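Data from coords-v8.txt: compact mmCIF, C-alpha atoms and all ligand atoms
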# COMPACT_ATOMS: atom_id res chain seq x y z
CA MET A 1 -238.24 -22.92 47.07
CA LEU A 2 -236.53 -21.77 50.25
CA LEU A 3 -233.63 -19.82 48.77
CA GLU A 4 -233.58 -18.13 45.40
CA ILE A 5 -230.67 -16.00 44.29
CA GLN A 6 -230.75 -14.19 40.99
CA LYS A 7 -227.96 -12.35 39.20
CA LEU A 8 -226.00 -11.55 42.31
CA THR A 9 -222.98 -9.36 41.76
CA LYS A 10 -220.42 -8.16 44.24
CA SER A 11 -217.08 -6.53 43.75
CA TYR A 12 -214.56 -5.15 46.17
CA ARG A 13 -212.36 -2.18 45.62
CA ALA A 14 -208.66 -2.72 46.25
CA THR A 15 -207.33 -0.85 49.27
CA ASP A 16 -205.65 1.76 47.05
CA GLY A 17 -209.09 2.39 45.59
CA THR A 18 -207.99 1.92 42.02
CA GLU A 19 -209.53 -1.22 40.71
CA ALA A 20 -212.73 -3.08 41.64
CA ILE A 21 -212.36 -6.85 41.78
CA ALA A 22 -215.49 -8.74 40.78
CA VAL A 23 -216.06 -11.61 43.21
CA LEU A 24 -219.59 -12.66 42.27
CA ARG A 25 -220.78 -12.21 38.68
CA ASP A 26 -224.47 -12.72 37.94
CA LEU A 27 -224.54 -15.63 40.34
CA ASP A 28 -227.73 -17.71 40.48
CA LEU A 29 -228.64 -20.32 43.10
CA GLN A 30 -231.84 -22.11 44.01
CA VAL A 31 -232.18 -24.30 47.06
CA ASP A 32 -235.34 -26.19 47.96
CA ALA A 33 -236.47 -26.69 51.53
CA GLY A 34 -234.85 -29.82 52.95
CA GLU A 35 -231.85 -29.81 50.62
CA SER A 36 -228.23 -29.92 51.70
CA VAL A 37 -225.82 -28.09 49.45
CA SER A 38 -222.12 -27.45 49.66
CA ILE A 39 -220.15 -24.78 47.88
CA ILE A 40 -216.53 -25.51 47.21
CA GLY A 41 -213.81 -23.38 45.68
CA PRO A 42 -210.34 -22.13 46.53
CA SER A 43 -209.67 -19.60 49.23
CA GLY A 44 -210.56 -16.12 48.07
CA SER A 45 -213.05 -17.26 45.43
CA GLY A 46 -215.99 -15.59 47.19
CA LYS A 47 -217.62 -18.42 49.14
CA SER A 48 -217.93 -16.47 52.40
CA THR A 49 -219.18 -13.47 50.47
CA ILE A 50 -222.16 -15.51 49.24
CA LEU A 51 -223.09 -16.71 52.73
CA ASN A 52 -222.61 -13.24 54.22
CA ILE A 53 -224.97 -11.74 51.65
CA ILE A 54 -227.58 -14.49 52.23
CA GLY A 55 -227.28 -13.93 55.98
CA ALA A 56 -227.58 -10.15 55.52
CA LEU A 57 -224.16 -9.57 57.05
CA ASP A 58 -223.04 -8.00 53.77
CA ARG A 59 -224.81 -6.39 50.81
CA ALA A 60 -224.60 -7.27 47.16
CA ASP A 61 -224.02 -4.62 44.48
CA SER A 62 -227.00 -5.91 42.53
CA GLY A 63 -229.21 -8.95 42.15
CA SER A 64 -231.78 -10.45 44.48
CA VAL A 65 -231.79 -12.88 47.38
CA LYS A 66 -235.12 -14.35 48.41
CA VAL A 67 -235.42 -16.48 51.51
CA ASP A 68 -238.77 -18.09 52.09
CA GLY A 69 -240.35 -15.71 49.59
CA ARG A 70 -238.97 -12.54 51.17
CA GLU A 71 -236.47 -10.31 49.43
CA VAL A 72 -233.66 -9.69 51.85
CA GLU A 73 -232.51 -6.38 50.34
CA LYS A 74 -235.98 -4.94 50.73
CA LEU A 75 -236.28 -5.57 54.45
CA SER A 76 -236.32 -2.56 56.73
CA GLU A 77 -233.57 -2.26 59.36
CA ALA A 78 -235.90 -3.60 62.07
CA ASN A 79 -236.99 -6.53 59.91
CA LEU A 80 -233.37 -7.21 58.95
CA ALA A 81 -232.43 -7.67 62.58
CA THR A 82 -235.25 -10.16 63.03
CA TYR A 83 -234.32 -11.89 59.78
CA ARG A 84 -230.70 -12.33 60.89
CA ASN A 85 -231.84 -13.61 64.25
CA THR A 86 -234.62 -15.98 63.24
CA SER A 87 -234.72 -16.83 59.53
CA VAL A 88 -231.13 -17.96 59.15
CA GLY A 89 -228.74 -19.71 61.50
CA PHE A 90 -225.02 -19.12 61.05
CA ILE A 91 -222.05 -21.29 61.97
CA PHE A 92 -218.60 -19.88 61.35
CA GLN A 93 -215.15 -21.40 61.30
CA LEU A 94 -214.63 -20.03 64.79
CA HIS A 95 -217.40 -20.57 67.28
CA HIS A 96 -217.78 -16.97 68.54
CA LEU A 97 -219.22 -18.19 71.83
CA LEU A 98 -219.12 -15.66 74.68
CA PRO A 99 -216.31 -16.85 76.97
CA GLN A 100 -217.85 -15.53 80.19
CA CYS A 101 -221.21 -17.28 79.64
CA THR A 102 -221.99 -20.96 80.10
CA VAL A 103 -222.81 -23.17 77.14
CA LEU A 104 -226.51 -23.02 78.02
CA GLU A 105 -226.45 -19.21 78.31
CA ASN A 106 -224.64 -18.94 74.97
CA VAL A 107 -227.32 -20.99 73.26
CA LEU A 108 -229.98 -18.74 74.78
CA VAL A 109 -228.38 -15.46 73.63
CA PRO A 110 -230.30 -15.28 70.30
CA THR A 111 -233.58 -15.66 72.20
CA LEU A 112 -233.00 -12.61 74.38
CA ALA A 113 -234.14 -10.16 71.71
CA LEU A 114 -237.38 -12.07 71.18
CA LYS A 115 -240.31 -11.68 73.47
CA ARG A 116 -240.82 -15.35 74.00
CA ASP A 117 -241.41 -17.61 76.92
CA ASN A 118 -238.06 -17.93 78.73
CA ALA A 119 -238.88 -21.28 80.28
CA ALA A 120 -239.78 -22.76 76.89
CA ALA A 121 -236.56 -21.36 75.38
CA ARG A 122 -234.55 -22.97 78.14
CA VAL A 123 -236.19 -26.34 77.59
CA ARG A 124 -235.49 -26.08 73.87
CA ALA A 125 -231.87 -25.09 74.52
CA GLU A 126 -231.38 -28.10 76.76
CA GLU A 127 -232.97 -30.38 74.18
CA LEU A 128 -230.80 -28.96 71.43
CA LEU A 129 -227.66 -29.32 73.52
CA ALA A 130 -228.62 -32.92 74.24
CA SER A 131 -229.16 -33.53 70.51
CA VAL A 132 -225.63 -32.29 69.76
CA GLY A 133 -224.23 -34.50 72.53
CA LEU A 134 -223.57 -31.77 75.09
CA GLN A 135 -226.15 -32.59 77.77
CA HIS A 136 -223.30 -32.98 80.28
CA ARG A 137 -221.74 -29.61 79.43
CA LEU A 138 -224.64 -27.19 80.01
CA HIS A 139 -222.97 -25.25 82.78
CA HIS A 140 -219.41 -25.32 81.47
CA LYS A 141 -217.76 -22.27 79.96
CA PRO A 142 -216.60 -22.49 76.32
CA GLY A 143 -212.97 -22.48 77.51
CA GLN A 144 -213.59 -25.79 79.26
CA LEU A 145 -214.73 -27.54 76.07
CA SER A 146 -212.83 -29.15 73.23
CA GLY A 147 -212.85 -27.48 69.80
CA GLY A 148 -215.40 -29.96 68.49
CA GLU A 149 -217.67 -29.46 71.50
CA ARG A 150 -217.51 -25.69 71.05
CA GLN A 151 -218.56 -26.01 67.41
CA ARG A 152 -221.45 -28.28 68.41
CA ALA A 153 -222.54 -25.67 70.96
CA ALA A 154 -222.43 -23.12 68.13
CA VAL A 155 -224.70 -25.39 66.08
CA ALA A 156 -227.20 -25.50 68.95
CA ARG A 157 -227.06 -21.70 69.23
CA ALA A 158 -227.64 -21.35 65.47
CA LEU A 159 -230.76 -23.50 65.74
CA ILE A 160 -232.34 -22.07 68.88
CA ASN A 161 -234.71 -19.72 67.05
CA GLU A 162 -235.71 -22.49 64.61
CA PRO A 163 -234.33 -20.98 61.40
CA LYS A 164 -235.37 -22.54 58.12
CA LEU A 165 -231.89 -22.21 56.67
CA LEU A 166 -228.59 -23.07 58.30
CA LEU A 167 -225.52 -21.40 56.79
CA ALA A 168 -222.17 -22.95 57.65
CA ASP A 169 -218.95 -21.20 56.64
CA GLU A 170 -216.00 -23.62 56.88
CA PRO A 171 -217.51 -25.06 60.07
CA THR A 172 -214.78 -27.69 60.38
CA GLY A 173 -211.90 -25.40 59.40
CA ALA A 174 -210.47 -25.20 62.91
CA LEU A 175 -211.11 -28.84 63.88
CA ASP A 176 -209.00 -31.98 63.82
CA ARG A 177 -210.07 -34.78 61.47
CA ASP A 178 -212.17 -36.76 63.93
CA SER A 179 -213.99 -33.72 65.32
CA ALA A 180 -214.58 -32.49 61.77
CA ALA A 181 -216.13 -35.83 60.80
CA ARG A 182 -218.37 -35.77 63.88
CA LEU A 183 -219.52 -32.24 63.15
CA ILE A 184 -220.40 -33.16 59.57
CA ASP A 185 -222.25 -36.26 60.86
CA LEU A 186 -224.26 -33.92 63.06
CA LEU A 187 -225.06 -31.52 60.20
CA VAL A 188 -226.09 -34.42 57.95
CA GLU A 189 -228.33 -35.77 60.71
CA LEU A 190 -229.96 -32.35 61.25
CA ASN A 191 -230.72 -32.28 57.56
CA THR A 192 -231.92 -35.84 57.06
CA LYS A 193 -233.78 -36.37 60.34
CA HIS A 194 -235.00 -32.86 61.12
CA GLY A 195 -235.32 -31.44 57.62
CA ILE A 196 -233.08 -28.44 58.24
CA THR A 197 -231.96 -26.91 54.97
CA LEU A 198 -228.22 -26.65 54.91
CA LEU A 199 -225.86 -24.52 52.85
CA MET A 200 -222.23 -25.19 53.68
CA VAL A 201 -219.08 -23.61 52.36
CA THR A 202 -215.87 -25.58 52.52
CA HIS A 203 -212.66 -26.14 50.66
CA ALA A 204 -212.55 -29.79 51.80
CA LEU A 205 -213.82 -31.90 48.92
CA ASP A 206 -214.39 -35.03 51.03
CA LEU A 207 -216.62 -33.14 53.47
CA SER A 208 -218.49 -31.36 50.71
CA ARG A 209 -219.53 -34.73 49.28
CA ARG A 210 -221.54 -35.45 52.42
CA MET A 211 -224.09 -32.87 51.19
CA LYS A 212 -226.69 -33.97 48.64
CA ARG A 213 -225.54 -31.40 46.08
CA VAL A 214 -222.07 -29.99 45.47
CA LEU A 215 -221.51 -26.72 43.64
CA GLU A 216 -218.23 -25.10 42.73
CA LEU A 217 -217.70 -21.35 42.73
CA ARG A 218 -215.79 -20.62 39.58
CA ASP A 219 -215.21 -17.15 38.13
CA GLY A 220 -217.98 -15.71 40.25
CA GLN A 221 -220.63 -18.27 39.32
CA LEU A 222 -221.80 -21.58 40.73
CA VAL A 223 -221.49 -24.70 38.62
CA ALA A 224 -222.59 -28.23 39.47
CA VAL A 225 -219.75 -30.61 40.27
P1 LIG B 301 -213.58 -17.37 50.28
O1 LIG B 301 -214.64 -17.47 51.32
O2 LIG B 301 -213.85 -18.20 49.07
O3 LIG B 301 -212.20 -17.60 50.81
P2 LIG B 301 -214.18 -14.54 50.37
O4 LIG B 301 -215.62 -14.46 50.05
O5 LIG B 301 -213.78 -14.42 51.80
O6 LIG B 301 -213.57 -15.86 49.73
O7 LIG B 301 -213.41 -13.40 49.57
C1 LIG B 301 -213.49 -13.25 48.16
C2 LIG B 301 -212.59 -12.13 47.69
O8 LIG B 301 -213.11 -10.89 48.11
C3 LIG B 301 -211.16 -12.20 48.21
O9 LIG B 301 -210.28 -11.81 47.19
C4 LIG B 301 -211.15 -11.22 49.34
O10 LIG B 301 -209.87 -10.67 49.51
C5 LIG B 301 -212.14 -10.17 48.86
N1 LIG B 301 -212.80 -9.53 49.99
C6 LIG B 301 -213.64 -10.14 50.89
N2 LIG B 301 -214.10 -9.25 51.78
C7 LIG B 301 -213.56 -8.05 51.46
C8 LIG B 301 -213.65 -6.72 51.99
N3 LIG B 301 -214.42 -6.45 53.04
N4 LIG B 301 -212.94 -5.75 51.38
C9 LIG B 301 -212.18 -6.00 50.30
N5 LIG B 301 -212.06 -7.22 49.74
C10 LIG B 301 -212.73 -8.23 50.30
Please render this file's structure as structure tokens.
Ligand code: ADP
Amino acid sequence: MLLEIQKLTKSYRATDGTEAIAVLRDLDLQVDAGESVSIIGPSGSGKSTILNIIGALDRADSGSVKVDGREVEKLSEANLATYRNTSVGFIFQLHHLLPQCTVLENVLVPTLALKRDNAAARVRAEELLASVGLQHRLHHKPGQLSGGERQRAAVARALINEPKLLLADEPTGALDRDSAARLIDLLVELNTKHGITLLMVTHALDLSRRMKRVLELRDGQLVAV
């Protein structure tokens, strides 16, 4: 099993500090390597919170998250940084590409912290950009790309360090219909052809159905749809 979540709880305190709102309540989730899973649910139900905890961008109140056999909460600060950079890839609703860097440079950013062969990283970045259909955009700046192209560059960046798990938080949320469909085609292809395990959060039911398994976040727990 690649991802195993047990009894995850998370609550947020209201800004006036009075009352804690439970977002996740004893949530369990198991994802095998090679699966594609979508999580649906209305805005504010806690979907991003789940991904942020898996990606170690946020902490749960209690419960455990194991990725590839390692318990995320037990990682040291140094190991956490490596975990965020190499074990999981993240795609957000907005691409978060650096505007002053070219597409190729953006894809290489996550490799900078690793002591790896720069030439090999560059070859891999170019291959990845070709596989997302951006071989002709390597030296463009993000501002010169369409929204869909920017998201595909973000996918390449998320995959550069060969993570086992790709987390996608509303990846099509800022795209028009056609670009959204193309991005989902790409994610499906990464999963089916390259075996990348995919966990995607969306509120779009039609897109969620493109994943092999659909779960709904309801009252802080995940239920099969
Ligand atoms: P979704 O992704 O399903 O839209 P989120 O996970 O973003 O939902 O948020 C779930 C709930 O937790 C919402 O009610 C949101 O307001 C609250 N929330 C999220 N992050 C914070 C935070 N940092 N502080 C306080 N409340 C938060």
Write out as a ChimeraX atom specification each polymer residue (protein, DNA or RNA) that has an atom no more than 7 Å from ligand LIG 301 (chain B), with all atoms listed in the file counted.
-> /A:12-14,23,41-50
Nearest to Ser64 in chain A among A:Asp26, A:Ala180, A:Val31, A:Pro110, with distances taken over all atoms listed in the file: which residue is it?
->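 Closest candidate: A:Asp26.
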For CA of Leu217 in chain A and CA of Leu3 in chain A, the interatomic separation in Å (one decimal) |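 It comes out at 17.1 Å.
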Rounded to one decimal place, report the CA of Ser131 in chain A-CA of Gln30 in chain A distance in Å.
->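 CA of Gln30 in chain A lies 29.0 Å from CA of Ser131 in chain A.
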Place a sphere of radius 6 Å on (-226.8, -17.1, 58.8) in the file coordinates and name every protein, DNA or RNA residue with an atom inside or on its surface, counting only C-alpha atoms; give the answer as a PDB file with C-alpha atoms, in the coordinates of the input.
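Output below, filename out_16.pdb:
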ATOM      1  CA  GLY A  55    -227.280 -13.930  55.980  1.00  0.00           C
ATOM      2  CA  VAL A  88    -231.130 -17.960  59.150  1.00  0.00           C
ATOM      3  CA  GLY A  89    -228.740 -19.710  61.500  1.00  0.00           C
ATOM      4  CA  PHE A  90    -225.020 -19.120  61.050  1.00  0.00           C
ATOM      5  CA  LEU A 167    -225.520 -21.400  56.790  1.00  0.00           C
TER       6      LEU A 167
END
Nearest to Leu112 in chain A among A:Thr82, A:Ser38, A:Gln100, A:Asn191, with distances taken over all atoms listed in the file: which residue is it?
-> A:Thr82
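Between CA of Gly148 in chain A and CA of Leu215 in chain A lies a distance of 25.8 Å.
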Given the choices A:Leu183, A:Ala174, A:Met200, A:Ile5, which gets closest to Leu94 in chain A if the distance is worked out from only C-alpha atoms?
-> A:Ala174
Which is closest to His136 in chain A among A:Val37, A:Ala113, A:Ala204, A:Leu104, if we use all atoms listed in the file?
->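 Result for the nearest residue to His136 in chain A: A:Leu104.
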Go through A:Val103, A:Leu186, A:Ala130, A:Thr18 one by one, measure the shortest atom-to-atom distance of each to Gln144 in chain A using all atoms listed in the file, and give the residue with the smallest value.
->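 Under the stated criterion, the closest residue is A:Val103.
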With only C-alpha atoms as the atoms that count, which of A:Ile40, A:Ala60, A:Leu8, A:Leu129 lies nearest to Val214 in chain A?
->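 Of all the options, A:Ile40 lies closest to Val214 in chain A.
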Non-local contacts of Leu2 in chain A (10 Å; all atoms listed in the file; under 6 positions in same chain excluded) as a VMD selection string = chain A and resid 30 to 35 66 to 70 164 to 165 197
Excluding Val155 in chain A and residues on its chain fewer than 4 positions from it, collect all residues at most 12 Å away from it, counting only C-alpha atoms, and give them as a PyMOL selection string.
-> chain A and resi 89-97+103+106-107+125+128-134+148-151+159-163+166-169+171-172+183-184+186-187+190+196+198
Residue neighbourhood Leu222 in chain A, 9 Å, all atoms listed in the file, exclusion window fewer than 5 positions, as a list in words =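 My reading of the contact set: Leu27, Asp28, Leu29, Ile39, Leu215, Glu216 and Leu217 of chain A.
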Local residues around (-216.4, -15.5, 39.6), at most 6 Å away, using only C-alpha atoms, as a PyMOL selection string | chain A and resi 23-25+218-221
For range 73-92 of chain A, supply N, CA and C atoms and format the output as a tab-separated table (two decimals), keeping the file's coordinate frame.
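part_24.tsv written:
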chain	number	residue	atom	x	y	z
A	73	GLU	N	-232.95	-7.78	50.50
A	73	GLU	CA	-232.51	-6.38	50.34
A	73	GLU	C	-233.64	-5.39	50.61
A	74	LYS	N	-234.85	-5.88	50.55
A	74	LYS	CA	-235.98	-4.94	50.73
A	74	LYS	C	-236.46	-4.85	52.17
A	75	LEU	N	-235.84	-5.61	53.05
A	75	LEU	CA	-236.28	-5.57	54.45
A	75	LEU	C	-235.85	-4.26	55.11
A	76	SER	N	-236.68	-3.75	55.97
A	76	SER	CA	-236.32	-2.56	56.73
A	76	SER	C	-235.26	-2.94	57.76
A	77	GLU	N	-234.61	-1.96	58.36
A	77	GLU	CA	-233.57	-2.26	59.36
A	77	GLU	C	-234.11	-3.15	60.48
A	78	ALA	N	-235.32	-2.83	60.96
A	78	ALA	CA	-235.90	-3.60	62.07
A	78	ALA	C	-236.17	-5.04	61.62
A	79	ASN	N	-236.72	-5.18	60.41
A	79	ASN	CA	-236.99	-6.53	59.91
A	79	ASN	C	-235.71	-7.30	59.60
A	80	LEU	N	-234.66	-6.56	59.22
A	80	LEU	CA	-233.37	-7.21	58.95
A	80	LEU	C	-232.81	-7.85	60.22
A	81	ALA	N	-232.94	-7.13	61.32
A	81	ALA	CA	-232.43	-7.67	62.58
A	81	ALA	C	-233.17	-8.96	62.94
A	82	THR	N	-234.47	-8.96	62.75
A	82	THR	CA	-235.25	-10.16	63.03
A	82	THR	C	-234.89	-11.28	62.05
A	83	TYR	N	-234.70	-10.90	60.79
A	83	TYR	CA	-234.32	-11.89	59.78
A	83	TYR	C	-233.01	-12.58	60.17
A	84	ARG	N	-232.00	-11.76	60.52
A	84	ARG	CA	-230.70	-12.33	60.89
A	84	ARG	C	-230.83	-13.24	62.11
A	85	ASN	N	-231.72	-12.90	62.98
A	85	ASN	CA	-231.84	-13.61	64.25
A	85	ASN	C	-232.72	-14.86	64.18
A	86	THR	N	-233.65	-14.87	63.22
A	86	THR	CA	-234.62	-15.98	63.24
A	86	THR	C	-234.74	-16.76	61.94
A	87	SER	N	-234.50	-16.11	60.79
A	87	SER	CA	-234.72	-16.83	59.53
A	87	SER	C	-233.52	-17.67	59.12
A	88	VAL	N	-232.33	-17.20	59.49
A	88	VAL	CA	-231.13	-17.96	59.15
A	88	VAL	C	-230.33	-18.24	60.44
A	89	GLY	N	-229.68	-19.39	60.44
A	89	GLY	CA	-228.74	-19.71	61.50
A	89	GLY	C	-227.35	-19.72	60.89
A	90	PHE	N	-226.37	-19.23	61.62
A	90	PHE	CA	-225.02	-19.12	61.05
A	90	PHE	C	-224.03	-19.89	61.91
A	91	ILE	N	-223.19	-20.69	61.26
A	91	ILE	CA	-222.05	-21.29	61.97
A	91	ILE	C	-220.80	-20.87	61.23
A	92	PHE	N	-219.85	-20.36	61.97
A	92	PHE	CA	-218.60	-19.88	61.35
A	92	PHE	C	-217.47	-20.86	61.64
